[in-house]
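What follows is a set of notes on a single structure, which appears directly below.
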Amino acid sequence: MSFSRHLAPLPAEAAPPLVELVRVSMSLGGRTVLSDVSFRLFPGEAWAVVGENGSGKTTLLRALRGDIPPAQDGRGQRRYAWGGSPRHSPLGLRHRFGLVSREDWDFWRRQAPGVTVLDAVCAGFFDTRLLHQPPSETQRRRAVEVMVLAGLEGYAESRMSELSEGLLRAALVARALAPWPLLLALDEVFEGLDRDSRDRTTRAIQAALASGAALVATAHRIEDIPPGVTRAVILHQGRIVARGPLDEPGFFPTPIPQTGSGLLEEADPDESEAALPAPAPAPPRELPSTPRSTPRFTPETSAPPLFEIANADVYLDGRRILAGVNWRVDEGQRWAVLGLNGAGKSTLLRLVTGEVHPALGGTIRRPGLVHEAGADLRDVRTRIGCLSADLEAAYPPRTTARDVLLSAFFAGVGLHFTPNSAQLETAEQRLCDLGLSDLAGRPIGTLSTGQRRLVFLARAVVHSPRLLILDEPFSGLDPTARDRAALAVRRTIRGGAAVILVTHRPGDVIPEITRILRVEAGTVRVEPA
């Protein structure tokens, strides 16, 4: 498809642009990520940036903010204009260029376990991740104000590292909003947020736009483009291939799927899995939101349950996160776990995997997994496949995609043992299945958010687990990648694995899911699917 009609010369404006890129190219890890990009951003404008995984969306945000220098090829220029003559450096402005990105998320999970939410938000005034100087009283009041906007009342003294994925993203939004931003650069800002959190984040973004801030936001789905955005650019292989009004008919060469459409109702006919019977098409599902009676857990098989939780409370940092949990998962069952941000879903998954333990009086038993693997928890984990943002953040950025997959055979973070030939062959096949063969030798720190999510999904399924635990598995994936990911999950289900899938999006509940567990304020209840 030709995009030439969308690439007319950039219009002249009466006022200088806040940021201007002129034929800018950028390289990371020896690879060209942006190529010959020209873009102008004026105060008060709102743009969406769309494109497939690895197209350069996040790098474009960092280029606009000034985090990465342009290639010294003699052609590219980057200019800023605010309160004076144009300049080539963002120094003095960058603290007012708010950014929310996956790299920031990883930092708070991996390197700053003791920092409070209030301190992290206040550090935004100084363009530092950690707070190295006391904020003024005005800054503290502003930090509290934007935390309320982002739905973080009562979390000022909570540790960033202990927040749920959705609450941590809300904290990063508050941090970006705190210093009265001139520019908001938001990378997949709505991923992982429940409806209430999305609404609060939207109100916070609209408040920034009303103050005159410019906005650039990446997205893979139409509903994830913030309200108020009027224009869009499409990136493909590091180049801007289209730009224009967001509401122009036929602007997008491929429609961005909307939540609710479901994922991969039938297997791809070109896949070798064509012989597998596809499930009957499922009607659009409305996820239950009203309380229902909790049915008794009754075994469907004489085999022991994979795990069984009884009367479990879990405390973190002195706070009770889960209360009186009773839950049993048998072989082959397929569960969706639903609940608001901060309800305790991620902690529940960590309880299942043995990363946290019930308080005195509660128990968790894993007889079905112990029967296969032995009583040692490290061996039990080799029969569990996991995908979560926390697991991704735990891996050093220099770890190659191939080593991420191979580490699953040993249930470790990083590869500390020598894999055998069968394991190597299986890892290569899974990478191929998910279209990742070209990325096998690349460090995960050089991958896009979506590419890395696919790598960790491949890690979750590579060793044919008996229990597959997926926390927002389709987050950050473009349409093609989501189809590949859904097919990989379906293959694992058909191999006999039980599945626990956490999501906020009804369209991400694959048709094979037959049970729902709702988590509310640390308590759980079973609902009909």
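Quick note on naming: the chains in the structure tokens go A, B, ... in the order shown, residues restart at 1 in each chain, and ligands are numbered from 1 in order of appearance.
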
**OP:** Just the residues within 12 Å of Val148 (chain A), please, counting only C-alpha atoms, with nothing from its chain fewer than 5 positions along; format it as a list of chain:residue names.
**Re:**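 What passes the distance filter is A:Leu118, A:Val121, A:Arg141, A:Arg142, A:Ala143, A:Glu153, A:Gly154, A:Tyr155, A:Ala156, A:Ala170, A:Ala171, A:Val173, A:Ala174, A:Arg175, A:Leu177, A:Ala178, A:Ser197, A:Arg200, A:Thr201, A:Arg203, A:Ala204.
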
Subject >> Within 8 Å of region 66-76 of chain A using only C-alpha atoms, minus same-chain residues under 5 positions, as a PyMOL selection string >> reply: chain A and resi 21-27+36+89-90+94

Please produce a file of those selected residues containing N, CA and C atoms, as a compact mmCIF listing (two decimals), in the first residue's frame.
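again.txt written:
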```txt
# COMPACT_ATOMS: atom_id res chain seq x y z
N LEU A 21 12.39 17.26 14.85
CA LEU A 21 13.37 16.31 14.35
C LEU A 21 13.47 16.48 12.84
N VAL A 22 14.66 16.63 12.33
CA VAL A 22 14.88 16.81 10.89
C VAL A 22 15.82 15.71 10.40
N ARG A 23 15.28 14.75 9.67
CA ARG A 23 16.04 13.65 9.06
C ARG A 23 16.93 12.96 10.11
N VAL A 24 16.34 12.66 11.25
CA VAL A 24 17.08 12.06 12.36
C VAL A 24 17.11 10.53 12.21
N SER A 25 18.30 9.96 12.39
CA SER A 25 18.46 8.51 12.49
C SER A 25 19.06 8.21 13.87
N MET A 26 18.72 7.03 14.41
CA MET A 26 19.24 6.65 15.71
C MET A 26 19.56 5.16 15.71
N SER A 27 20.63 4.80 16.40
CA SER A 27 21.05 3.41 16.51
C SER A 27 21.17 3.02 17.97
N ASP A 36 15.98 8.40 9.21
CA ASP A 36 15.58 9.56 8.40
C ASP A 36 14.19 10.07 8.82
N SER A 89 19.87 21.34 22.43
CA SER A 89 19.92 20.52 23.64
C SER A 89 18.63 20.69 24.45
N PRO A 90 18.15 19.59 25.08
CA PRO A 90 16.98 19.71 25.93
C PRO A 90 17.31 20.11 27.37
N ARG A 94 14.15 19.22 30.09
CA ARG A 94 13.78 17.81 30.14
C ARG A 94 12.99 17.45 31.40
```

**OP:** Go through region 47-234 of chain A and collect every residue that DSSP, computed from the backbone, puts in strand (DSSP E or B); the answer should be as number ranges by chain.
**Re:** A: 47-51, 77-80, 87, 97-100, 116, 159, 183-187, 214-218, 231-234

Original post:
A:Phe409, A:Phe456, A:Tyr395, A:Phe474: which is nearest Asp106 (chain A), counting only C-alpha atoms?
Top reply: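 So, comparing all the options, the nearest one is A:Tyr395.
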
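Each of A:Leu130, A:Ala458, A:Leu338, A:Ala408 was compared to Thr503 (chain A) using only C-alpha atoms, and A:Leu338 turns out to be the nearest.
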
Original post:
When you draw a straight line from CA of Thr446 (chain A) to CA of Arg484 (chain A), how long is it in Å?
Top reply: 21.1 Å

Original post:
Using only C-alpha atoms, which of the listed residues (A:Leu131, A:Leu316, A:Leu349, A:Ala15) sits closest to Asp390 (chain A)?
Top reply: A:Leu349

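Here CA of Gln429 (chain A) and CA of Val499 (chain A) stand 21.7 Å from one another.
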
Original post:
Nearest to Val19 (chain A) among A:Gly51, A:Leu168, A:Leu182, A:Leu340, with distances taken over only C-alpha atoms: which residue is it?
Top reply: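 Comparing A:Gly51, A:Leu168, A:Leu182, A:Leu340 against Val19 (chain A), the winner is A:Leu182.
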
Subject >> Long-range neighbours of Ser388 (chain A) as number ranges by chain, 10 Å cut-off, only C-alpha atoms, 4 positions minimum in chain >> reply: A: 165, 346, 349, 392-393, 453, 456-457, 460, 469-473, 502

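In terms of minimum interatomic distance to Asn326 (chain A), A:Val526 ranks closest within A:Ser475, A:Thr230, A:Val526, A:Ala176, counting only C-alpha atoms.
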
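Of the residues under consideration (A:Ala481, A:Thr449, A:Arg243, A:Ala422), A:Ala481 shows the shortest atom-to-atom contact distance to Gly435 (chain A) when counting only C-alpha atoms.
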
**OP:** Quick one: pull the distance between CA of Arg334 (chain A) and CA of Thr480 (chain A), Å, one decimal.
**Re:**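 Result for CA of Arg334 (chain A) versus CA of Thr480 (chain A): 23.7 Å, one decimal.
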
**OP:** Please identify which residues in region 89-273 of chain A DSSP calls alpha helix (DSSP H) from the backbone, and express them as a PyMOL selection string.
**Re:** chain A and resi 102-110+117-123+137-149+165-177+195-210

**OP:** For Arg195 (chain A), work out the shell of residues within 12 Å, counting only C-alpha atoms and skipping chain neighbours fewer than 3 positions away, then give it as a list of chain:residue names.
**Re:** A:Gly151, A:Gly166, A:Phe190, A:Glu191, A:Gly192, A:Arg198, A:Asp199, A:Arg200, A:Thr201, A:Thr202, A:Glu223, A:Asp224, A:Gly339, A:Leu340, A:Asn341, A:Thr503, A:His504, A:Arg505, A:Pro506

Subject >> Residues within 10 Å of Leu468 (chain A), only C-alpha atoms, excluding chain neighbours under 4 positions, as a PyMOL selection string >> reply: chain A and resi 334+383-387+460-461+464+489+492-493+497-501
